[in-house]
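**Q** My questions all concern the structure below.
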Amino acid sequence: MRLIFWLFSAALIAVITHLSYVLFVPASNFNNRIDAALKEQKLNQFTILDGKLQTKLMPFVSETDLVILCKYDVSQGPVRLSMRVPDGYWTLSVYTMHGRQAYALNDRQADARAFSVRLVKDRSFIEQLTSIGDDDANFEDIGWKVELPEDKGLAFLWMPHADKWRRTEDLAEISNSKCEKIPEE
Amino acid sequence: MHRFSSIVLILFLGLFAGWFSARQMLDRAAGSASLPANNWREVRISGDSLWSSYQSGHYLWRGKLQPATDVRLFRRDADDDGNALRSDCTTLIEGQSPQARWWMIGADNGNEVKTISSGTIIREYDNAFTVTVSQNAAPGNWLGLSGSRDYVIYLTLNDAKDEAAKTPSLPRVKRLWC
């Protein structure tokens with residue numbers, strides 16, 4: 001009986017360790033790398049990644065591709081991505097800090113060269129019940145709304161390019177995009 | 001004293017087992033595959049499940065985000081005859097351009113990653129292509145890897161066209177010489 005108790009205890013500790021490791025260690029490791037790589041970048045602001053850095057952070061991206069990235073934080077209120085994009089294939093992805101893709105949009109789905117995406121914190125069940133009807137009453141933008149399960153994460157637009165010259169041309173247009181906290185009313 | 005040592009032992013065993021199993025599962029998470037065609041394996045990017053925590057963890061642990069869920073990802077670590085892919089050998093990848101808006105073939109030996117995409121690849125008149133993976137420069141499409149390490153080849157299809165995407169025609173991989 002005592003042996004079973006000890007074995008059960010060991011198994012319980014193993015399960016807790018296993019889950020804690022899987023859920024927290026890789027995300028923490030990635031966050032440290034992002035923070036080290038983007039020392040200068042402020043929250044809720046787009047940064048254009050240089051070719052070498054983007055191949056380190058993103059899987060299956062080449063140096064000639066164009067990537068602009070925003071570290072968002074919706075804990076203090078919604079964040080708006082106001083995008084200006086050239087013609088051509090691109091995808092906008094929103095990831096949580098635990099590496100889960102919360103949202104994706106591409107050029108065909110957007111079908112516009114200027115649009116906005118509003119990032120908001122996912123509401124709790126109680127908040128959903130108490131705020132029926134006033135959900136988007138004050139949202140003036142024409143765009144998309146993404147409810148996020150976590151406060152912080154990364155939003156980035158990826159546009160593949162065959163050469164660096166085309167990259168430079170598209171950069172001028174994409175750099176007009178903004179990632180910003182929506183001011184309180 | 002006996003009880004104290006038992007507690008320490010159980011604690012150590014539990015921590016080690018939890019840590020070891022987590023590392024093993026994270027290492028293998030990206031290898032989940034379901035397409036044993038010519039040694040290609042498709043890595044399914046799951047959106048929202050318990051397994052997705054392992055998949056995203058696999059990439060995050062290496063300092064990268066996991067691929068987007070709309071990307072089809074194929075990988076292989078052997079040629080068509082089952083030989084391991086080694087960068088001190090010359091290997092030929094040949095096939096037809098996949099039906100996707102953007103696609104990329106890469107070779108990754110853990111130290112360096114070389115890629116060629118649909119935007120840069122040189123094609124034949126019938127949309128066929130060949131890519132040489134070797135240490136020494138080769139004419140046409142070339143992925144140059146140094147050293148003599150094993151590597152993996154991957155193929156990503158972005159926004160693949162629906163009909164063709166169900167059964168994509170994947171390139172063949174042949175070892176020419178070592």
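Labeling convention for the structure tokens: chains A, B, ... as they appear, residues from 1 per chain, ligands from 1 in order of appearance.
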Could you tell me, as a ChimeraX atom specification, which residues of stretch 1-154 of chain B DSSP assigns to helix (DSSP H, G or I) when given the backbone?

**A** /B:2-29,50-61

**Q** Give me, as a VMD selection string, the contact residues of chain A against chain B at a cut-off of 6 Å, counting only C-alpha atoms.

**A** chain A and resid 10 13 to 15 17 to 18 26 to 27 30 57 to 58 99 162

**Q** So that I have them on file, write out the residues from the current selection with C-alpha atoms, as an mmCIF file, in the first residue's frame.

**A**
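The file below, part_14.cif, is the result:
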```cif
data_model
loop_
_atom_site.group_PDB
_atom_site.id
_atom_site.type_symbol
_atom_site.label_atom_id
_atom_site.label_comp_id
_atom_site.auth_asym_id
_atom_site.auth_seq_id
_atom_site.Cartn_x
_atom_site.Cartn_y
_atom_site.Cartn_z
ATOM 1 C CA ALA A 10 6.015 10.155 -8.283
ATOM 2 C CA ILE A 13 4.917 14.969 -9.784
ATOM 3 C CA ALA A 14 5.936 13.701 -13.238
ATOM 4 C CA VAL A 15 2.631 14.761 -14.799
ATOM 5 C CA THR A 17 6.416 18.658 -14.282
ATOM 6 C CA HIS A 18 5.647 17.451 -17.786
ATOM 7 C CA PRO A 26 9.314 26.809 -24.671
ATOM 8 C CA ALA A 27 7.190 29.969 -24.572
ATOM 9 C CA PHE A 30 10.974 32.115 -27.218
ATOM 10 C CA LEU A 57 12.406 33.829 -35.806
ATOM 11 C CA MET A 58 10.031 32.613 -38.483
ATOM 12 C CA GLY A 99 2.966 30.209 -30.000
ATOM 13 C CA ALA A 162 11.801 36.602 -55.127
#
```

**Q** Between B:Asp80, B:Arg172, B:Ala107, B:Ala160, single out the one closest to A:Phe60, counting only C-alpha atoms.

**A** B:Ala107

**Q** Please provide the set of residues having any atom within 8 Å of stretch 75-80 of chain A, restricted to only C-alpha atoms, with same-chain residues fewer than 4 positions apart removed, written as a PyMOL selection string.

**A** chain A and resi 44+116-121+151-152+178-182+184

**Q** For stretch 169-175 of chain A, list every protein, DNA or RNA residue within 8 Å, evaluated using only C-alpha atoms, and leave out those in the same chain fewer than 6 positions away; present the list as an NGL selection string.

**A** :A and (48 or 66 or 83-86)

**Q** Counting only C-alpha atoms, which of B:Glu124, B:Glu112, B:Asp88, B:Asp150 gets nearest to B:Arg76?

**A** B:Asp150
